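What's in start39.txt: compact mmCIF, C-alpha atoms
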# COMPACT_ATOMS: atom_id res chain seq x y z
CA MET N 1 43.84 -133.86 -28.39
CA THR N 2 46.40 -135.87 -26.46
CA MET N 3 47.03 -139.59 -26.17
CA GLU N 4 46.24 -141.64 -23.11
CA PRO N 5 49.44 -143.42 -21.95
CA ARG N 6 48.89 -146.71 -23.74
CA VAL N 7 49.62 -148.82 -26.79
CA SER N 8 46.80 -150.92 -28.24
CA LEU N 9 48.69 -153.25 -30.55
CA ILE N 10 52.23 -154.10 -31.49
CA THR N 11 52.25 -155.30 -35.09
CA LEU N 12 55.16 -157.33 -36.43
CA GLY N 13 55.39 -157.73 -40.20
CA VAL N 14 56.11 -161.39 -40.92
CA ASP N 15 56.69 -163.47 -44.04
CA ASP N 16 54.35 -166.30 -43.02
CA PRO N 17 51.78 -165.46 -40.33
CA ALA N 18 51.00 -169.15 -39.64
CA ALA N 19 54.66 -170.03 -39.15
CA SER N 20 55.23 -166.97 -37.02
CA ALA N 21 52.15 -167.77 -34.93
CA ALA N 22 53.51 -171.28 -34.40
CA PHE N 23 56.76 -169.77 -33.13
CA TYR N 24 55.07 -167.50 -30.59
CA THR N 25 52.73 -170.32 -29.56
CA LYS N 26 55.76 -172.48 -28.81
CA LEU N 27 57.06 -169.66 -26.62
CA GLY N 28 53.84 -169.70 -24.62
CA PHE N 29 51.55 -167.06 -26.17
CA HIS N 30 47.95 -168.04 -26.96
CA LYS N 31 46.56 -167.28 -30.41
CA ALA N 32 43.11 -165.68 -30.45
CA LYS N 33 40.17 -166.90 -32.51
CA ASP N 34 40.13 -163.71 -34.54
CA GLY N 35 42.50 -163.72 -37.47
CA ASN N 36 42.94 -165.21 -40.93
CA GLU N 37 45.67 -166.30 -43.33
CA ASP N 38 47.14 -162.81 -43.32
CA VAL N 39 47.09 -162.01 -39.63
CA ALA N 40 47.20 -163.68 -36.21
CA PHE N 41 46.42 -161.98 -32.90
CA PHE N 42 47.58 -162.72 -29.37
CA GLN N 43 46.00 -161.20 -26.29
CA LEU N 44 48.70 -159.96 -23.94
CA SER N 45 48.41 -158.63 -20.40
CA GLY N 46 47.33 -155.09 -19.68
CA GLY N 47 44.98 -154.65 -22.64
CA LEU N 48 47.73 -155.00 -25.23
CA VAL N 49 47.51 -157.15 -28.37
CA LEU N 50 50.36 -158.62 -30.41
CA SER N 51 49.55 -158.85 -34.11
CA LEU N 52 51.55 -160.93 -36.62
CA TYR N 53 50.69 -159.48 -39.99
CA ARG N 54 51.80 -160.48 -43.47
CA ARG N 55 54.74 -158.19 -44.15
CA ALA N 56 53.75 -157.34 -47.73
CA ASN N 57 50.32 -156.26 -46.57
CA LEU N 58 51.75 -154.07 -43.82
CA PHE N 59 53.96 -152.18 -46.25
CA ARG N 60 51.09 -151.92 -48.74
CA ASP N 61 48.71 -150.62 -46.06
CA ALA N 62 51.13 -147.97 -44.88
CA ASP N 63 52.18 -146.99 -48.45
CA LEU N 64 55.81 -147.47 -47.44
CA PRO N 65 58.56 -149.24 -49.39
CA ASP N 66 60.02 -152.41 -47.94
CA GLY N 67 63.71 -151.69 -47.50
CA GLY N 68 64.36 -155.29 -46.55
CA GLU N 69 65.64 -154.43 -43.10
CA ARG N 70 64.43 -156.58 -40.23
CA PHE N 71 65.84 -154.50 -37.43
CA SER N 72 65.35 -150.78 -37.69
CA GLY N 73 65.79 -149.88 -34.07
CA ILE N 74 62.76 -151.20 -32.25
CA THR N 75 63.12 -153.90 -29.63
CA LEU N 76 60.50 -155.54 -27.51
CA ALA N 77 61.70 -156.41 -24.05
CA TYR N 78 60.53 -159.25 -21.90
CA ASN N 79 61.70 -158.83 -18.32
CA THR N 80 62.25 -161.89 -16.17
CA ARG N 81 62.32 -162.58 -12.45
CA SER N 82 65.88 -163.99 -12.37
CA GLU N 83 69.12 -164.32 -14.32
CA LEU N 84 68.43 -168.02 -14.71
CA ASP N 85 65.18 -167.22 -16.50
CA VAL N 86 67.13 -165.16 -19.05
CA ASP N 87 69.22 -168.23 -19.86
CA LYS N 88 66.13 -170.42 -20.05
CA LEU N 89 64.21 -168.06 -22.31
CA ALA N 90 67.19 -167.51 -24.60
CA ALA N 91 67.27 -171.30 -25.01
CA ALA N 92 63.50 -171.33 -25.58
CA PHE N 93 63.86 -168.81 -28.42
CA ILE N 94 66.33 -171.10 -30.15
CA GLY N 95 64.20 -174.16 -29.43
CA ALA N 96 61.16 -172.51 -30.98
CA GLY N 97 63.00 -171.60 -34.20
CA GLY N 98 64.41 -168.19 -33.42
CA ARG N 99 68.06 -167.28 -33.06
CA LEU N 100 70.32 -165.73 -30.48
CA VAL N 101 71.58 -162.30 -31.52
CA LYS N 102 73.73 -161.79 -28.41
CA PRO N 103 74.06 -164.42 -25.69
CA PRO N 104 73.14 -163.69 -22.08
CA HIS N 105 75.65 -161.37 -20.44
CA LYS N 106 76.01 -158.93 -17.56
CA VAL N 107 75.59 -155.26 -18.40
CA PHE N 108 76.97 -152.15 -16.74
CA TRP N 109 73.68 -151.08 -15.15
CA GLY N 110 73.55 -154.27 -13.14
CA GLY N 111 71.27 -156.31 -15.33
CA TYR N 112 71.69 -159.59 -17.17
CA ILE N 113 70.36 -159.64 -20.70
CA ALA N 114 70.27 -161.43 -24.03
CA TYR N 115 69.08 -160.37 -27.46
CA ALA N 116 67.13 -162.93 -29.49
CA ALA N 117 65.41 -162.69 -32.84
CA ASP N 118 62.17 -164.27 -33.96
CA PRO N 119 62.13 -166.07 -37.34
CA ASP N 120 61.51 -162.77 -39.13
CA GLY N 121 64.40 -161.02 -37.45
CA HIS N 122 62.40 -158.95 -34.99
CA VAL N 123 64.55 -158.45 -31.95
CA TRP N 124 63.58 -159.15 -28.35
CA GLU N 125 65.64 -158.18 -25.36
CA ILE N 126 65.30 -160.76 -22.61
CA ALA N 127 66.30 -158.96 -19.43
CA TYR N 128 66.67 -159.39 -15.73
CA ASN N 129 66.75 -155.98 -14.08
CA PRO N 130 67.24 -156.21 -10.31
CA ASP N 131 66.25 -152.53 -9.93
CA TRP N 132 62.89 -153.01 -11.59
CA PRO N 133 61.05 -155.84 -9.86
CA LEU N 134 57.98 -157.15 -11.66
CA GLY N 135 54.56 -157.32 -10.09
CA GLU N 136 53.03 -160.71 -9.39
CA ASP N 137 51.09 -160.37 -12.64
CA GLY N 138 54.30 -159.51 -14.49
CA ALA N 139 53.48 -155.81 -14.76
CA LEU N 140 56.45 -153.46 -14.97
CA THR N 141 55.94 -150.28 -12.97
CA LEU N 142 58.69 -147.69 -12.99
CA PRO N 143 60.02 -146.61 -9.60
CA GLY N 144 59.11 -143.15 -8.33
CA MET F 4 60.37 -172.42 -20.05
CA THR F 5 57.61 -170.43 -21.69
CA MET F 6 56.76 -166.74 -21.74
CA GLU F 7 53.89 -165.17 -19.86
CA PRO F 8 51.69 -163.27 -22.34
CA ARG F 9 53.21 -159.86 -21.89
CA VAL F 10 55.71 -157.30 -23.13
CA SER F 11 57.70 -155.30 -20.56
CA LEU F 12 59.12 -152.51 -22.69
CA ILE F 13 58.92 -151.19 -26.21
CA THR F 14 62.23 -149.52 -27.06
CA LEU F 15 62.46 -147.06 -29.93
CA GLY F 16 65.91 -146.16 -31.15
CA VAL F 17 66.03 -142.37 -31.52
CA ASP F 18 68.63 -139.84 -32.65
CA ASP F 19 68.04 -137.43 -29.77
CA PRO F 20 66.32 -138.86 -26.68
CA ALA F 21 65.52 -135.40 -25.27
CA ALA F 22 63.91 -134.23 -28.51
CA SER F 23 62.03 -137.49 -28.86
CA ALA F 24 60.84 -137.28 -25.26
CA ALA F 25 59.60 -133.76 -25.94
CA PHE F 26 57.60 -135.09 -28.88
CA TYR F 27 55.90 -137.83 -26.86
CA THR F 28 55.31 -135.42 -23.99
CA LYS F 29 53.51 -133.07 -26.38
CA LEU F 30 51.33 -136.01 -27.38
CA GLY F 31 50.35 -136.57 -23.76
CA PHE F 32 52.74 -139.19 -22.37
CA HIS F 33 54.44 -138.49 -19.03
CA LYS F 34 58.19 -138.92 -18.74
CA ALA F 35 59.40 -140.85 -15.70
CA LYS F 36 62.08 -139.66 -13.30
CA ASP F 37 64.35 -142.54 -14.25
CA GLY F 38 66.47 -141.91 -17.30
CA ASN F 39 69.47 -139.92 -18.46
CA GLU F 40 70.86 -138.24 -21.57
CA ASP F 41 70.77 -141.53 -23.45
CA VAL F 42 67.36 -142.84 -22.51
CA ALA F 43 63.90 -141.64 -21.45
CA PHE F 44 61.16 -143.81 -20.02
CA PHE F 45 57.39 -143.44 -20.05
CA GLN F 46 55.06 -145.52 -17.90
CA LEU F 47 52.16 -146.79 -19.99
CA SER F 48 49.02 -148.60 -18.92
CA GLY F 49 48.98 -152.29 -18.17
CA GLY F 50 52.50 -152.58 -16.81
CA LEU F 51 54.16 -151.59 -20.09
CA VAL F 52 56.99 -149.08 -20.46
CA LEU F 53 57.98 -147.06 -23.52
CA SER F 54 61.70 -146.44 -23.76
CA LEU F 55 63.32 -143.86 -26.05
CA TYR F 56 66.92 -144.91 -26.37
CA ARG F 57 69.81 -143.33 -28.24
CA ARG F 58 69.84 -145.20 -31.52
CA ALA F 59 73.61 -145.67 -31.70
CA ASN F 60 73.61 -147.25 -28.25
CA LEU F 61 70.81 -149.62 -29.15
CA PHE F 62 72.66 -150.94 -32.18
CA ARG F 63 75.88 -151.16 -30.18
CA ASP F 64 74.15 -153.02 -27.34
CA ALA F 65 72.60 -155.56 -29.67
CA ASP F 66 75.75 -155.95 -31.78
CA LEU F 67 73.71 -155.25 -34.89
CA PRO F 68 74.58 -152.97 -37.81
CA ASP F 69 72.46 -149.89 -38.39
CA GLY F 70 71.02 -150.29 -41.87
CA GLY F 71 69.59 -146.80 -41.74
CA GLU F 72 66.01 -147.99 -42.12
CA ARG F 73 63.44 -146.37 -39.88
CA PHE F 74 60.55 -148.65 -40.72
CA SER F 75 61.35 -152.34 -40.83
CA GLY F 76 57.87 -153.68 -40.37
CA ILE F 77 56.88 -152.91 -36.82
CA THR F 78 54.02 -150.56 -36.10
CA LEU F 79 52.59 -149.49 -32.78
CA ALA F 80 48.85 -148.97 -32.86
CA TYR F 81 46.86 -146.57 -30.78
CA ASN F 82 43.16 -147.35 -30.98
CA THR F 83 40.65 -144.57 -30.49
CA ARG F 84 37.01 -144.37 -29.44
CA SER F 85 35.77 -142.62 -32.61
CA GLU F 86 36.66 -141.72 -36.19
CA LEU F 87 36.85 -138.09 -35.15
CA ASP F 88 39.58 -138.96 -32.65
CA VAL F 89 41.65 -140.45 -35.49
CA ASP F 90 41.49 -137.10 -37.29
CA LYS F 91 42.36 -135.24 -34.11
CA LEU F 92 45.30 -137.44 -33.22
CA ALA F 93 46.67 -137.39 -36.75
CA ALA F 94 46.68 -133.61 -36.43
CA ALA F 95 48.29 -133.87 -33.00
CA PHE F 96 51.16 -135.93 -34.46
CA ILE F 97 51.84 -133.17 -36.98
CA GLY F 98 51.47 -130.48 -34.34
CA ALA F 99 54.01 -132.21 -32.11
CA GLY F 100 56.61 -132.49 -34.87
CA GLY F 101 55.80 -135.84 -36.46
CA ARG F 102 54.50 -136.38 -39.97
CA LEU F 103 51.55 -138.03 -41.61
CA VAL F 104 52.52 -141.18 -43.54
CA LYS F 105 49.00 -141.89 -44.80
CA PRO F 106 46.06 -139.60 -44.01
CA PRO F 107 42.95 -140.88 -42.24
CA HIS F 108 40.89 -143.15 -44.49
CA LYS F 109 38.29 -145.90 -44.38
CA VAL F 110 39.58 -149.45 -44.70
CA PHE F 111 37.89 -152.59 -45.97
CA TRP F 112 37.44 -154.18 -42.54
CA GLY F 113 35.23 -151.33 -41.42
CA GLY F 114 37.80 -149.26 -39.61
CA TYR F 115 39.10 -145.75 -40.05
CA ILE F 116 42.84 -145.35 -39.75
CA ALA F 117 45.86 -143.16 -40.34
CA TYR F 118 49.58 -143.86 -40.28
CA ALA F 119 51.81 -141.27 -38.66
CA ALA F 120 55.53 -141.24 -37.97
CA ASP F 121 57.37 -139.84 -34.99
CA PRO F 122 60.42 -137.61 -35.63
CA ASP F 123 62.64 -140.72 -35.98
CA GLY F 124 60.38 -142.38 -38.51
CA HIS F 125 58.83 -144.93 -36.19
CA VAL F 126 55.34 -145.61 -37.48
CA TRP F 127 52.14 -145.50 -35.46
CA GLU F 128 48.78 -146.65 -36.74
CA ILE F 129 46.00 -144.50 -35.31
CA ALA F 130 42.88 -146.61 -35.63
CA TYR F 131 39.19 -146.64 -34.91
CA ASN F 132 37.95 -150.23 -35.00
CA PRO F 133 34.17 -150.45 -34.40
CA ASP F 134 34.46 -154.21 -33.85
CA TRP F 135 36.98 -153.85 -31.02
CA PRO F 136 35.58 -151.47 -28.43
CA LEU F 137 38.04 -150.26 -25.83
CA GLY F 138 37.51 -150.64 -22.11
CA GLU F 139 36.95 -147.54 -20.02
CA ASP F 140 40.63 -147.65 -19.11
CA GLY F 141 41.56 -147.94 -22.78
CA ALA F 142 42.44 -151.64 -22.59
CA LEU F 143 42.00 -153.62 -25.78
CA THR F 144 40.56 -157.08 -25.18
CA LEU F 145 40.04 -159.35 -28.15
CA PRO F 146 36.53 -160.75 -28.63
CA GLY F 147 35.95 -164.43 -27.87

Written as structure tokens, how would this file's structure read?
Amino acid sequence: MTMEPRVSLITLGVDDPAASAAFYTKLGFHKAKDGNEDVAFFQLSGGLVLSLYRRANLFRDADLPDGGERFSGITLAYNTRSELDVDKLAAAFIGAGGRLVKPPHKVFWGGYIAYAADPDGHVWEIAYNPDWPLGEDGALTLPG
Amino acid sequence: MTMEPRVSLITLGVDDPAASAAFYTKLGFHKAKDGNEDVAFFQLSGGLVLSLYRRANLFRDADLPDGGERFSGITLAYNTRSELDVDKLAAAFIGAGGRLVKPPHKVFWGGYIAYAADPDGHVWEIAYNPDWPLGEDGALTLPG
């Protein structure tokens, strides 16, 4: 059996789901009715769901030890429509209670990006990529 | 400025992008033309892209130290249409060179899930959730 080319949920382990949900709500995401004190869900575009799940429960569920690390080499990227929007969103991350990991800067492939962390240390790349224009609905479709 | 409710890319830091791409290709994802020896891209449904990026570069780009951890509390979930498909996909992960973290089992909320890791230790939850039926196109839309 093979996988269809999709992801159903992205789950971020967080210390306090309510506080984390407040952070993402400040950034503009809308919390769904489903959920409880241990988990909050956000409907995203394209049939994808963001889940903020109590970190201890996530490690318990997966039977994996919590090594304490908050960045293990997964980033979520949010692509913007302009360089200015990268600056604005980097500021929004700070305003909502996150922190800047690396300020907005030009990169060799022609883009303009920043790295920002949510309150639990999960890292987002905020990126303007002139070679990958977004659809009107924000969808990213690779060229070719 | 606020964020539209979307994610553009999920980037997994991997030791060997070509080997990792081969793994995800075995599972059924289609590698895009874009890419090079350091990064491979896969177009997913809903305007989302999966990026497999050389781990050392990712940590360098973000100016973050590599703590060595491969699971820091982010899981990607792939929801299926049946319990049987969870069994089949868990087997497919092993067949493609991944490993089972936690075998398929019933969970208290009525679902049937397994945790499986890709060759770099990134953890997927393979889940059948009878309360969250998938659309024909595989999209997950929260109730309410």

* Please measure the separation of atom CA of Pro106 of chain F and atom CA of Gly49 of chain F, giving the value in Å to one decimal. =>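 Computing it gives 28.9 Å between the two atoms.
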
* Structure fact -> Of F:Arg58, F:Asp64, F:Ala21, F:Thr78, the one sitting nearest Phe108 of chain N when using all atoms listed in the file is F:Asp64

* Which neighbours of segment 128-143 of chain N fall inside 7 Å, counting all atoms listed in the file, when residues of the same chain fewer than 3 positions from it are skipped, and could you give them as a PyMOL selection string? -> (chain N and resi 79-83+86+111-113) or (chain F and resi 11+46+49-51)

Save out the residues we just selected, C-alpha atoms, as a PDB file, keeping the file's coordinate frame.
ATOM      1  CA  ASN N  79      61.700-158.830 -18.320  1.00  0.00           C
ATOM      2  CA  THR N  80      62.250-161.890 -16.170  1.00  0.00           C
ATOM      3  CA  ARG N  81      62.320-162.580 -12.450  1.00  0.00           C
ATOM      4  CA  SER N  82      65.880-163.990 -12.370  1.00  0.00           C
ATOM      5  CA  GLU N  83      69.120-164.320 -14.320  1.00  0.00           C
ATOM      6  CA  VAL N  86      67.130-165.160 -19.050  1.00  0.00           C
ATOM      7  CA  GLY N 111      71.270-156.310 -15.330  1.00  0.00           C
ATOM      8  CA  TYR N 112      71.690-159.590 -17.170  1.00  0.00           C
ATOM      9  CA  ILE N 113      70.360-159.640 -20.700  1.00  0.00           C
TER      10      ILE N 113
ATOM     11  CA  SER F  11      57.700-155.300 -20.560  1.00  0.00           C
ATOM     12  CA  GLN F  46      55.060-145.520 -17.900  1.00  0.00           C
ATOM     13  CA  GLY F  49      48.980-152.290 -18.170  1.00  0.00           C
ATOM     14  CA  GLY F  50      52.500-152.580 -16.810  1.00  0.00           C
ATOM     15  CA  LEU F  51      54.160-151.590 -20.090  1.00  0.00           C
TER      16      LEU F  51
END

* Determine the nearest neighbour of Gly124 of chain F from the options N:Gly144, N:His105, N:Leu64, N:Phe93, counting only C-alpha atoms. =>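 Smallest separation from Gly124 of chain F among the options: N:Leu64.
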
* Asked: Just how far from atom CA of Pro68 of chain F is atom CA of Ala22 of chain N, in Å to one decimal?
  ->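 That distance, rounded to one decimal, is 28.1 Å.
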
* Asked: What is the distance, in Å and to one decimal place, between atom CA of Leu79 of chain F and atom CA of Trp127 of chain F?
  ->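 A separation of 4.8 Å between them.
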
Can you tell me, as a compact mmCIF listing (two decimals) with C-alpha atoms, in the coordinates of the input, what residues are no more than 10 Å from Asp85 of chain N when counting all atoms listed in the file, ignoring any on the same chain fewer than 5 positions away?
# COMPACT_ATOMS: atom_id res chain seq x y z
CA ASN N 79 61.70 -158.83 -18.32
CA THR N 80 62.25 -161.89 -16.17
CA ALA N 90 67.19 -167.51 -24.60
CA ALA N 91 67.27 -171.30 -25.01
CA ILE N 126 65.30 -160.76 -22.61
CA ALA N 127 66.30 -158.96 -19.43
CA TYR N 128 66.67 -159.39 -15.73
CA MET F 4 60.37 -172.42 -20.05
CA THR F 5 57.61 -170.43 -21.69
CA MET F 6 56.76 -166.74 -21.74

* Go through F:Ala43, F:Val110, F:Ala80, F:Leu55 one by one, measure the shortest atom-to-atom distance of each to chain N using all atoms listed in the file, and give the residue with the smallest value. =>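 Of the candidates, the smallest distance to chain N is held by F:Ala80.
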
* Looking at F:Pro107, F:Pro20, F:Gly38, F:Gly71, which one is nearest to chain N, with distances taken over only C-alpha atoms? ->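 When distances to chain N are compared using only C-alpha atoms, the smallest one comes from F:Gly71.
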
* **Option closest in space to chain N, from F:Ser75, F:Asn60, F:Ser54, F:Asn39 [counting all atoms listed in the file]** =>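 Selected residue with least distance to chain N: F:Ser75.
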
* Would you list the residues near (48.0, -161.2, -18.3), meaning any protein, DNA or RNA residue with an atom at most 6 Å from that point in file coordinates, counting only C-alpha atoms, as a PyMOL selection string? => (chain N and resi 44-45) or (chain F and resi 8)

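Every protein, DNA or RNA residue with an atom at most 12 Å from Ala96 of chain N, where all atoms listed in the file count and chain neighbours fewer than 3 positions away do not, is listed here: N:Ala19, N:Ser20, N:Ala21, N:Ala22, N:Phe23, N:Tyr24, N:Thr25, N:Lys26, N:Leu27, N:Gly28, N:Leu89, N:Ala90, N:Ala91, N:Ala92, N:Phe93, N:Arg99, N:Leu100, N:Ala116, N:Ala117, N:Asp118, N:Pro119, F:Met4, F:Thr5, F:Met6.
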
* From the set N:Lys31, N:Glu125, N:Tyr78, N:Gly110, which residue has the shortest atom-to-atom contact distance to chain F, counting all atoms listed in the file? ->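 Once distances to chain F are computed over all atoms listed in the file, the minimum belongs to N:Tyr78.
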